[in-house]
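Chemist: Sharing a structure below in structure tokens format, with a few things to ask.
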Amino acid sequence: MEQSWYIRKYEDGDEAQIIDLYNFIFKMSKNMNYWMWKYKENPVGFKIYVAEDKKGRIVGHYGLILAKIKIGNNIITGSQAVDAMTHSHYQRQGMFVKLGKEILREAGVEGIPLTYGFPNEPALPGHRKVGWVEVCNIPILIKPLNIRNILRKYIHDGFLLSVSSYLAGIFVKIFIKDRKMQVKGLSVNHVSSFDGRADDFWYKVADDYSLIQVRNREFLNWRYVKNPDKQYNIFVAEKDGNLLGYTVLGEMTEDGRRGGVIVDILTYLDRGEISDCLILKAIEYFEAKDVDYVVCLMRKGSIYYKTLKRHGFITIPKRIRFIVHINSDNFSKSFSGSLDQWFFTWGDSDYM
């Protein structure tokens, strides 16, 4: 059977069709402002391949958002795979695999040796065919704030719901106490954007992390301030005018319950008291917003994971899959680290 579509690079003017395809497949309502921010305004750049049918319609898409990644003492240009999609009329024709192989092959040729992603379950088999490797599953931690509203999903009897909520509340009060953390001279303040101190902070804190996406001022403001689709709240920990850490907070709604999200957090690994202050500020902020829970994506073993657990966060069965594609043989021969030690937050993805 003759193939009724072909693969090509993105061209200016494809945007409208790409957005239409995205909204059709994912049942969303993204607009041009969001697309321009995500791709063309990305400070590091982007790559896109599309599949076009004989009528000139874009029916497949595979995008890469480029990112600076610190590996050891070196900075490379890597990428995150995003918005891999195939129109329902063209599924099971090998389009997903062909798009992925072609764009990742070219990425390797162009000096982008590493691509990472967070696939959902249906997309995972296709990624395996392209040559992706599953590295680890990143835990999701949640701290209940409105226990009754959370239990309502599982308990429908009013009396049993009241009793269960009461007992759960007693347990939380006895065993989980958010002790107020104070560090002399340190303040945690709400800001509208990251100023020049963010670069100074990044250059100092980067040595604490062996594998991490570069979080300089340019990236942080693009990711959290200029995003036209979502609103974030930024809190910085500062002392004597110096930036010592930050956290970025967002919100989500799922199954009728409002959740607060710790989207990003960063401080020095030997300054656990600062991560304490930032997480306590996040809890305090979301309590005032009257959300039902606070959630955070965090790799087990980090100081943040331990701090979250200490403040009443519990891991849930759901995990986020983390996969990697090595686009260059030279990189695979030279890299000697462990990819599962990569420091990730939800801010490293395009989800939150």
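Residues are named by chain letter and number: chains run A, B, ... in the order of the structure tokens, numbers start at 1 in each chain, and ligands are numbered from 1 in the order shown.
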Find the residues around range 203-214 of chain A up to 12 Å (only C-alpha atoms counted), leave out those fewer than 2 positions away in its own chain, and share them as a ChimeraX atom specification.

Modeler: /A:43-44,66-80,115-116,196-201,216-220,223,242-246,264,266-271,302-303,335-349

Chemist: In range 161-334 of chain A, what's helix (DSSP H, G or I) per DSSP? Answer as a PyMOL selection string?

Modeler: chain A and resi 161-175+197-208+217-224+272-288+303-310+329-334

Chemist: In Å to one decimal, how far is CA of Arg299 in chain A from CA of Asn42 in chain A?

Modeler: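 About the pair CA of Asn42 in chain A and CA of Arg299 in chain A: they are 25.8 Å apart.
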
Chemist: Need to verify the contact set: range 4-10 of chain A, 7 Å, only C-alpha atoms, exclusion of same-chain residues closer than 2 positions in sequence. Can you return it as an MDAnalysis selection string?

Modeler: chainID A and resid 2 12 14 48:54 99

Chemist: Pick out the residues sitting within 8 Å of Asn146 in chain A, and hand them over as an NGL selection string; count only C-alpha atoms, and ignore anything fewer than 6 positions along from it in its own chain.

Modeler: :A and (290-293)
